[in-house]
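Colleague: Below is work.cif; it holds mmCIF, C-alpha atoms.
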```cif
data_data
loop_
_atom_site.label_atom_id
_atom_site.label_comp_id
_atom_site.auth_asym_id
_atom_site.auth_seq_id
_atom_site.Cartn_x
_atom_site.Cartn_y
_atom_site.Cartn_z
CA MET A 7 -17.28 5.80 12.69
CA ARG A 8 -15.93 2.28 12.69
CA VAL A 9 -12.19 2.42 12.11
CA LEU A 10 -9.99 -0.58 11.32
CA ILE A 11 -6.30 -0.17 12.16
CA ALA A 12 -4.28 -2.75 10.18
CA PRO A 13 -0.57 -1.91 9.86
CA ASP A 14 2.59 -3.88 9.27
CA CYS A 15 5.63 -3.32 11.48
CA PHE A 16 7.55 -0.06 11.20
CA GLY A 17 10.93 -1.65 10.52
CA GLY A 18 13.46 -1.18 13.28
CA THR A 19 11.21 0.94 15.50
CA LEU A 20 7.79 -0.62 16.17
CA THR A 21 6.33 -4.08 15.79
CA ALA A 22 2.99 -4.40 14.01
CA ARG A 23 1.23 -4.72 17.37
CA GLU A 24 3.01 -1.66 18.74
CA ALA A 25 2.23 0.33 15.59
CA ALA A 26 -1.44 -0.66 15.70
CA ASP A 27 -1.64 0.36 19.35
CA ALA A 28 0.00 3.74 18.69
CA ILE A 29 -2.27 4.54 15.73
CA ALA A 30 -5.35 3.44 17.69
CA THR A 31 -4.27 5.55 20.69
CA GLY A 32 -3.86 8.64 18.55
CA TRP A 33 -7.18 8.10 16.79
CA ARG A 34 -9.07 7.59 20.05
CA GLU A 35 -7.53 10.70 21.57
CA ALA A 36 -8.63 12.79 18.59
CA LYS A 37 -12.01 11.12 18.03
CA PRO A 38 -13.11 9.37 21.25
CA ASP A 39 -16.57 8.50 19.94
CA ASP A 40 -15.25 6.36 17.07
CA VAL A 41 -15.14 2.57 17.37
CA VAL A 42 -11.53 1.54 16.75
CA VAL A 43 -10.50 -2.07 16.02
CA GLU A 44 -6.83 -3.07 15.95
CA ARG A 45 -5.68 -5.79 13.57
CA PRO A 46 -1.84 -5.87 13.33
CA LEU A 47 -0.62 -7.67 10.23
CA ALA A 48 2.51 -8.96 8.47
CA ASP A 49 3.45 -9.91 4.92
CA GLY A 50 5.87 -12.77 5.53
CA GLY A 51 8.69 -10.64 6.90
CA PRO A 52 9.39 -9.64 10.52
CA GLY A 53 6.35 -10.12 12.74
CA PHE A 54 4.95 -13.03 10.71
CA VAL A 55 5.05 -15.49 13.63
CA ASP A 56 3.83 -13.00 16.25
CA VAL A 57 0.85 -11.86 14.18
CA LEU A 58 -0.24 -15.40 13.30
CA HIS A 59 0.23 -16.63 16.86
CA ALA A 60 -2.08 -13.88 18.14
CA ALA A 61 -4.66 -14.66 15.46
CA LEU A 62 -4.61 -18.46 15.61
CA SER A 63 -4.25 -19.13 19.33
CA ALA A 64 -8.01 -19.03 19.87
CA GLY A 65 -8.76 -21.42 17.02
CA GLY A 66 -6.74 -24.41 18.17
CA ALA A 67 -3.39 -25.51 19.51
CA ALA A 68 -0.99 -22.79 18.38
CA ASP A 69 2.34 -23.13 20.12
CA ILE A 70 5.49 -21.06 19.81
CA ARG A 71 8.54 -23.30 19.56
CA TYR A 72 12.09 -22.19 20.29
CA ILE A 73 15.27 -23.53 18.76
CA THR A 74 18.89 -22.45 18.48
CA VAL A 75 19.98 -22.25 14.84
CA THR A 76 22.83 -20.87 12.78
CA GLY A 77 22.46 -17.12 12.32
CA PRO A 78 23.37 -15.19 9.16
CA LEU A 79 26.94 -14.62 10.40
CA GLY A 80 27.44 -18.27 11.33
CA LYS A 81 26.92 -17.75 15.06
CA PRO A 82 24.08 -19.36 17.05
CA VAL A 83 20.83 -17.40 17.40
CA GLU A 84 17.57 -18.31 19.12
CA ALA A 85 14.72 -18.52 16.65
CA ARG A 86 10.98 -19.11 17.01
CA TRP A 87 8.46 -20.84 14.84
CA LEU A 88 4.75 -21.53 15.20
CA SER A 89 3.12 -24.96 15.24
CA VAL A 90 -0.65 -25.06 14.72
CA HIS A 91 -2.61 -28.30 15.08
CA ALA A 92 -6.32 -27.85 14.34
CA ASP A 93 -8.99 -29.57 12.24
CA ASP A 94 -6.72 -32.55 11.55
CA ARG A 95 -4.10 -30.27 9.98
CA ARG A 96 -0.60 -29.83 11.32
CA VAL A 97 0.92 -26.63 10.00
CA ALA A 98 4.22 -24.97 10.84
CA TYR A 99 4.77 -21.26 10.22
CA ILE A 100 8.40 -20.22 9.96
CA GLU A 101 9.65 -16.64 9.79
CA SER A 102 12.90 -16.73 7.81
CA ALA A 103 14.02 -13.42 9.34
CA GLU A 104 14.23 -15.19 12.70
CA ALA A 105 17.25 -17.09 11.34
CA CYS A 106 18.71 -14.81 8.67
CA GLY A 107 17.18 -11.38 9.28
CA LEU A 108 18.98 -8.13 8.54
CA HIS A 109 18.37 -7.09 12.15
CA LEU A 110 20.76 -9.87 13.20
CA ILE A 111 23.66 -8.20 11.37
CA PRO A 112 25.21 -5.03 12.88
CA ALA A 113 25.21 -2.15 10.39
CA GLU A 114 28.98 -1.86 10.39
CA LEU A 115 29.36 -5.50 9.30
CA ARG A 116 26.90 -5.41 6.41
CA PRO A 117 29.28 -4.25 3.64
CA GLU A 118 31.29 -7.42 4.26
CA SER A 119 28.54 -9.82 5.29
CA CYS A 120 26.32 -9.04 2.29
CA GLU A 121 28.32 -11.60 0.26
CA THR A 122 28.78 -14.22 2.97
CA ALA A 123 25.61 -14.18 5.12
CA THR A 124 23.93 -17.58 5.17
CA THR A 125 20.40 -18.97 5.24
CA ARG A 126 21.58 -22.19 6.95
CA GLY A 127 19.43 -21.44 9.99
CA VAL A 128 16.28 -21.44 7.85
CA GLY A 129 17.08 -24.99 6.78
CA GLU A 130 17.54 -25.95 10.41
CA LEU A 131 14.14 -24.46 11.26
CA ILE A 132 12.49 -26.41 8.44
CA ALA A 133 14.21 -29.60 9.56
CA ALA A 134 12.85 -29.13 13.07
CA ALA A 135 9.35 -28.40 11.81
CA THR A 136 9.15 -31.55 9.67
CA ALA A 137 9.09 -33.71 12.80
CA ASP A 138 5.40 -33.18 13.52
CA ASN A 139 3.89 -31.05 10.74
CA ASP A 140 2.40 -31.88 7.34
CA VAL A 141 2.49 -28.34 5.96
CA ILE A 142 5.40 -25.94 6.34
CA THR A 143 4.89 -22.29 5.47
CA VAL A 144 8.01 -20.16 5.29
CA GLY A 145 7.52 -16.41 5.57
CA LEU A 146 10.00 -14.52 3.40
CA GLY A 147 11.15 -10.96 4.01
CA GLY A 148 13.55 -8.84 6.02
CA SER A 149 16.55 -11.04 5.28
CA GLY A 150 20.18 -10.00 5.49
CA THR A 151 21.20 -12.68 3.00
CA THR A 152 21.63 -13.04 -0.77
CA ASP A 153 22.89 -16.61 -0.97
CA GLY A 154 20.07 -17.95 -3.12
CA GLY A 155 19.08 -20.24 -0.28
CA ALA A 156 22.35 -22.18 -0.60
CA GLY A 157 22.76 -22.35 3.16
CA MET A 158 19.22 -23.61 3.62
CA LEU A 159 19.63 -26.30 0.96
CA ALA A 160 22.92 -27.45 2.48
CA ALA A 161 21.42 -27.72 5.97
CA LEU A 162 18.47 -29.77 4.71
CA ALA A 163 20.74 -32.09 2.75
CA GLU A 164 23.08 -32.62 5.71
CA ALA A 165 20.12 -33.39 7.98
CA GLY A 166 18.73 -35.88 5.47
CA VAL A 167 15.34 -34.15 5.45
CA ASP A 168 12.75 -35.79 3.20
CA LEU A 169 10.05 -33.37 2.09
CA THR A 170 8.25 -35.85 -0.16
CA ASP A 171 5.12 -35.98 1.99
CA THR A 172 5.31 -32.36 3.14
CA SER A 173 3.49 -29.44 1.55
CA LEU A 174 5.90 -26.53 1.36
CA ILE A 175 4.62 -22.97 0.97
CA ALA A 176 6.74 -19.88 0.37
CA ALA A 177 4.87 -16.87 1.78
CA SER A 178 6.58 -14.06 -0.09
CA ASP A 179 6.50 -10.37 0.73
CA VAL A 180 7.48 -9.41 -2.85
CA GLU A 181 6.88 -10.55 -6.43
CA ASN A 182 10.44 -10.04 -7.69
CA PRO A 183 12.18 -12.64 -9.88
CA LEU A 184 15.61 -13.99 -8.98
CA LEU A 185 17.71 -12.13 -11.54
CA GLY A 186 17.80 -8.89 -13.48
CA PRO A 187 17.08 -5.26 -12.62
CA HIS A 188 14.22 -6.26 -10.31
CA GLY A 189 15.97 -9.33 -8.95
CA ALA A 190 17.33 -10.24 -5.54
CA ALA A 191 20.81 -8.75 -5.88
CA ARG A 192 20.15 -5.55 -7.80
CA THR A 193 16.96 -4.59 -5.98
CA PHE A 194 17.68 -5.62 -2.42
CA GLY A 195 21.47 -6.01 -2.29
CA PRO A 196 22.15 -2.30 -1.61
CA GLN A 197 19.73 -2.40 1.34
CA LYS A 198 21.88 -5.14 2.85
CA GLY A 199 25.13 -3.20 2.51
CA ALA A 200 26.24 -4.29 -0.96
CA SER A 201 28.33 -1.89 -3.03
CA PRO A 202 27.69 -1.69 -6.82
CA GLU A 203 30.59 -4.09 -7.34
CA ALA A 204 29.28 -6.50 -4.71
CA VAL A 205 25.82 -6.39 -6.30
CA GLU A 206 27.24 -7.59 -9.61
CA ARG A 207 29.19 -10.38 -7.91
CA LEU A 208 26.03 -11.49 -6.13
CA GLU A 209 24.08 -11.39 -9.41
CA ALA A 210 26.67 -13.58 -11.09
CA LYS A 211 26.69 -15.99 -8.17
CA LEU A 212 22.91 -16.39 -8.24
CA ALA A 213 22.90 -16.83 -12.02
CA ALA A 214 25.47 -19.64 -11.70
CA MET A 215 23.35 -21.73 -9.30
CA ASP A 216 22.07 -24.48 -11.60
CA VAL A 217 19.40 -25.66 -9.16
CA LEU A 218 17.71 -22.24 -9.32
CA LYS A 219 17.73 -21.73 -13.10
CA PRO A 220 14.37 -23.48 -13.80
CA VAL A 221 12.54 -21.23 -11.32
CA SER A 222 14.48 -17.97 -11.65
CA ASP A 223 11.67 -16.13 -13.47
CA VAL A 224 8.86 -17.17 -11.12
CA PRO A 225 7.40 -14.20 -9.20
CA GLY A 226 8.70 -14.36 -5.63
CA ALA A 227 11.90 -16.21 -6.58
CA GLY A 228 13.91 -13.14 -5.61
CA ALA A 229 12.38 -12.88 -2.15
CA ALA A 230 14.75 -12.98 0.84
CA GLY A 231 17.85 -12.85 -1.32
CA GLY A 232 16.83 -15.77 -3.52
CA LEU A 233 15.55 -17.93 -0.68
CA GLY A 234 12.25 -17.94 -2.54
CA ALA A 235 13.91 -19.59 -5.54
CA ALA A 236 15.51 -22.24 -3.35
CA LEU A 237 12.13 -23.11 -1.83
CA LEU A 238 10.62 -23.27 -5.32
CA SER A 239 13.37 -25.70 -6.34
CA LEU A 240 12.14 -27.96 -3.52
CA GLY A 241 8.62 -27.91 -4.90
CA ALA A 242 7.18 -25.09 -2.81
CA THR A 243 4.08 -23.20 -3.84
CA VAL A 244 4.42 -19.42 -3.73
CA LYS A 245 1.68 -17.49 -2.01
CA SER A 246 1.37 -13.83 -1.15
CA GLY A 247 2.45 -13.48 2.46
CA ALA A 248 0.14 -10.51 2.86
CA GLY A 249 -2.73 -12.43 1.28
CA LEU A 250 -2.13 -15.44 3.52
CA VAL A 251 -2.09 -13.29 6.66
CA ARG A 252 -5.22 -11.51 5.44
CA GLU A 253 -6.96 -14.88 5.24
CA LEU A 254 -5.69 -16.36 8.50
CA THR A 255 -6.30 -13.29 10.65
CA GLY A 256 -9.89 -12.82 9.49
CA LEU A 257 -9.13 -9.43 7.98
CA ASP A 258 -12.04 -9.65 5.56
CA ALA A 259 -14.59 -9.97 8.36
CA ALA A 260 -13.06 -6.92 10.04
CA LEU A 261 -13.18 -5.02 6.75
CA ASP A 262 -16.88 -5.84 6.39
CA ASP A 263 -17.59 -3.84 9.55
CA ALA A 264 -15.32 -0.86 8.83
CA ASP A 265 -16.08 2.64 7.54
CA VAL A 266 -12.43 3.50 7.00
CA VAL A 267 -9.21 1.48 7.07
CA VAL A 268 -5.81 2.72 8.24
CA THR A 269 -2.77 0.68 7.25
CA GLY A 270 0.92 1.48 7.30
CA GLU A 271 4.57 0.45 7.41
CA GLY A 272 8.00 1.96 7.85
CA SER A 273 8.45 3.14 4.27
CA PHE A 274 5.67 3.46 1.69
CA ASP A 275 7.69 3.24 -1.52
CA TRP A 276 7.61 1.52 -4.90
CA GLN A 277 8.40 -1.83 -3.27
CA SER A 278 5.17 -1.48 -1.29
CA LEU A 279 3.30 -1.83 -4.57
CA ARG A 280 4.90 -5.19 -5.43
CA GLY A 281 3.09 -7.59 -3.09
CA LYS A 282 3.61 -5.83 0.23
CA LEU A 283 1.00 -5.60 2.97
CA ILE A 284 -0.41 -2.16 2.17
CA THR A 285 -1.60 -3.34 -1.26
CA ALA A 286 -3.42 -6.34 0.26
CA VAL A 287 -5.23 -4.18 2.79
CA ALA A 288 -6.07 -1.56 0.16
CA ALA A 289 -7.42 -4.23 -2.18
CA GLY A 290 -9.73 -5.53 0.52
CA ALA A 291 -10.98 -2.01 1.23
CA ALA A 292 -11.53 -1.30 -2.47
CA GLU A 293 -13.62 -4.46 -2.83
CA ARG A 294 -15.98 -3.00 -0.24
CA GLY A 295 -15.91 0.58 -1.47
CA ILE A 296 -14.46 1.94 1.75
CA PRO A 297 -11.51 4.36 1.92
CA CYS A 298 -8.03 3.16 2.82
CA VAL A 299 -5.39 5.57 4.09
CA ALA A 300 -1.78 4.82 4.94
CA ILE A 301 0.56 6.12 7.60
CA ALA A 302 4.25 5.44 7.04
CA GLY A 303 7.52 6.59 8.47
CA GLN A 304 8.35 7.98 5.04
CA VAL A 305 6.24 8.22 1.87
CA SER A 306 7.78 8.26 -1.60
CA VAL A 307 4.94 6.82 -3.71
CA GLY A 308 3.31 9.28 -6.11
CA ARG A 309 -0.40 10.00 -5.98
CA ARG A 310 -1.10 8.20 -9.25
CA GLU A 311 0.61 4.98 -8.14
CA MET A 312 -0.99 5.28 -4.73
CA ALA A 313 -4.46 5.62 -6.21
CA ALA A 314 -3.87 2.66 -8.54
CA ALA A 315 -3.06 0.55 -5.48
CA GLY A 316 -6.31 1.62 -3.80
CA VAL A 317 -4.85 4.03 -1.24
CA GLN A 318 -6.72 7.34 -1.07
CA GLU A 319 -4.10 9.24 0.93
CA ALA A 320 -0.77 8.59 2.63
CA TYR A 321 0.73 10.48 5.56
CA SER A 322 4.43 10.63 6.42
CA VAL A 323 5.31 10.53 10.11
CA SER A 324 8.68 12.19 9.50
CA ASP A 325 7.02 15.04 7.58
CA HIS A 326 4.43 15.50 10.29
CA VAL A 327 6.91 15.74 13.16
CA GLY A 328 9.57 17.62 11.20
CA SER A 329 12.33 15.12 10.38
CA VAL A 330 13.28 11.46 10.15
CA GLN A 331 15.46 11.87 13.25
CA LYS A 332 12.57 13.21 15.31
CA SER A 333 10.23 10.48 14.13
CA ILE A 334 12.72 7.77 15.14
CA ALA A 335 13.74 9.36 18.46
CA ASP A 336 10.31 8.61 19.90
CA ALA A 337 8.60 6.43 17.33
CA ARG A 338 5.47 5.75 19.38
CA LYS A 339 4.87 9.41 20.28
CA SER A 340 5.44 10.46 16.66
CA LEU A 341 3.02 7.86 15.32
CA ILE A 342 0.37 8.82 17.88
CA ALA A 343 0.65 12.48 16.84
CA THR A 344 0.36 11.60 13.15
CA ALA A 345 -2.65 9.37 13.81
CA GLN A 346 -4.38 12.22 15.64
CA HIS A 347 -3.93 14.38 12.55
CA VAL A 348 -5.24 11.63 10.26
CA ALA A 349 -8.28 11.07 12.48
CA ARG A 350 -9.23 14.74 12.27
CA GLN A 351 -9.00 14.53 8.49
CA TRP A 352 -10.99 11.32 7.99
CA SER A 353 -13.46 10.92 10.85
CA ARG A 354 -16.91 12.33 10.26
#
```
Could I get this structure in the form of structure tokens?
Modeller:
Amino acid sequence: MRVLIAPDCFGGTLTAREAADAIATGWREAKPDDVVVERPLADGGPGFVDVLHAALSAGGAADIRYITVTGPLGKPVEARWLSVHADDRRVAYIESAEACGLHLIPAELRPESCETATTRGVGELIAAATADNDVITVGLGGSGTTDGGAGMLAALAEAGVDLTDTSLIAASDVENPLLGPHGAARTFGPQKGASPEAVERLEAKLAAMDVLKPVSDVPGAGAAGGLGAALLSLGATVKSGAGLVRELTGLDAALDDADVVVTGEGSFDWQSLRGKLITAVAAGAAERGIPCVAIAGQVSVGRREMAAAGVQEAYSVSDHVGSVQKSIADARKSLIATAQHVARQWSR
């Protein structure tokens, strides 16, 4: 069989490349005669720059740039972005989590920082990228902020950045609006340490930002704590981060040659069905009539919702090895063992 391994990162434990390698290792150990192709992916969140750098390096000048910017807590952090010059196009790919990611905020500080964390560093990244790029694509996801992009807007204004001749793209990992029950504060605030009271304060703060009101209902406006809305207010076009990565990494060509596709991420939950990577991979598999199965650290999506998204079966690593603690203790070993089990179930 020809097996395509195309996962996202397993948040906090394995990068997309590490996850792809672990799944491929397990599959090959169980079914050594199968042809296994690894294609690590991202949806705009953590891993966006790494995945695109690996995919685009062969097609032209794709250079990782480094810059010190303001982190979510106001302290300097080193961030990376990708500059790609090919076919007379100059495109910058920015991963917002590099400057304002949740991983940059210690867990014990999140209940306090959830209301003060800033996206200023994202503005500083964009300002740096405007120097020699015509198109700037900002990957959204994995943020520790809910400031509605206020920090980013302030940094751009202070730097005097003119985006008139720049095409701005917001590569979103979700389709959520800015406000309401599915908005930035109420959906993602608790994940960033916000108490119920803090969530309501954040909601009110976002609703009071006049610059965001015209775009608050646009799908993707709620991405990265409202950073999506701030980019929209600057004239950005929203694109699916997963769809963009699918295009740029040549996923469709790899799908054409596959008999079965294995995707995955840290948690396969209801948010996975709202623009996340698994749905993009599953859609591509469904278009070709080939099965798509998912491996995730934890699985909470019901079979009906899973089937509607195009996923035939999902396997939980924590269930397979016995507990969440065991799956995290040695994430690679646990994922390899789960992949071996999946291979025995799906390989002819």
Colleague: Within 12 Å of Ala137 in chain A, counting only C-alpha atoms, which residues show up once you throw out same-chain ones fewer than 4 positions away? Write them as a PyMOL selection string, please.
Modeller: chain A and resi 89+96-98+130-133+141-142+167-169+171-172
Colleague: Pick the closest to Arg309 in chain A from A:His326, A:Asp262, A:Gly53, A:Trp276: which is it, counting only C-alpha atoms?
Modeller: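 For Arg309 in chain A, the nearest of the given residues is A:Trp276.
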Colleague: Go through A:Ala165, A:Arg23, A:Ser273, A:Gly189 one by one, measure the shortest atom-to-atom distance of each to Gly232 in chain A using only C-alpha atoms, and give the residue with the smallest value.
Modeller: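 Residue with the minimum atom-to-atom distance to Gly232 in chain A: A:Gly189.
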Colleague: Once the PyMOL selection byres ((chain A and resi 159) around 9) has been applied to the shown file, what residues remain in the selection, as a list in words?
Modeller: Thr125, Arg126, Gly129, Gly155, Ala156, Gly157, Met158, Ala160, Ala161, Leu162, Ala163, Glu164, Ala236, Leu237 and Leu240 of chain A
Colleague: Ser149 in chain A: which residues within 6 Å, counting only C-alpha atoms, same-chain residues fewer than 3 positions away excluded, as a ChimeraX atom specification?
Modeller: /A:103,106-108,230
Colleague: Identify, on the basis of only C-alpha atoms, every residue whose closest approach to range 277-293 of chain A does not exceed 6 Å; exclude the query and any residue fewer than 3 positions from it along the same chain; express the result as a PyMOL selection string.
Modeller: chain A and resi 49+179-181+248+274+296+298+315-317
Colleague: Using all atoms listed in the file, which of the listed residues (A:Val57, A:Ile342, A:Ala67, A:Leu218) sits closest to Arg95 in chain A?
Modeller: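 Of A:Val57, A:Ile342, A:Ala67, A:Leu218, the one nearest Arg95 in chain A, counting all atoms listed in the file, is A:Ala67.
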Colleague: Looking at A:Gly17, A:Val205, A:Asn139, A:Ile29, which one is nearest to Gln304 in chain A, with distances taken over all atoms listed in the file?
Modeller: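 Smallest separation from Gln304 in chain A among the options: A:Gly17.
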Colleague: Would you kindly translate the PyMOL selection byres ((chain A and resi 25) around 8) into the concrete residues it picks from this file, as a ChimeraX atom specification?
Modeller: /A:13-16,20-24,26-29,46,338,341
Colleague: Counting all atoms listed in the file, which residue out of A:Arg354, A:Leu254, A:Pro202, A:Val323 sits closest to Ser340 in chain A?
Modeller: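 Smallest distance to Ser340 in chain A is found for A:Val323.
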Colleague: So, with all atoms listed in the file as the atoms that count, which of A:Gly145, A:Gly231, A:Gly303, A:Gly195 lies closest to Gly270 in chain A?
Modeller: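 Of the candidates, the smallest distance to Gly270 in chain A is held by A:Gly303.
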Colleague: With the file shown as input, list the residues that the PyMOL selection byres ((chain A and resi 215) around 12) selects, as a list in words.
Modeller: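 Selected by the PyMOL selection byres ((chain A and resi 215) around 12) in this file: Asp153, Gly154, Gly155, Ala156, Leu159, Leu184, Leu185, Leu208, Glu209, Ala210, Lys211, Leu212, Ala213, Ala214, Asp216, Val217, Leu218, Lys219, Pro220, Val221, Ser222, Gly232, Ala235, Ala236 and Ser239 of chain A.
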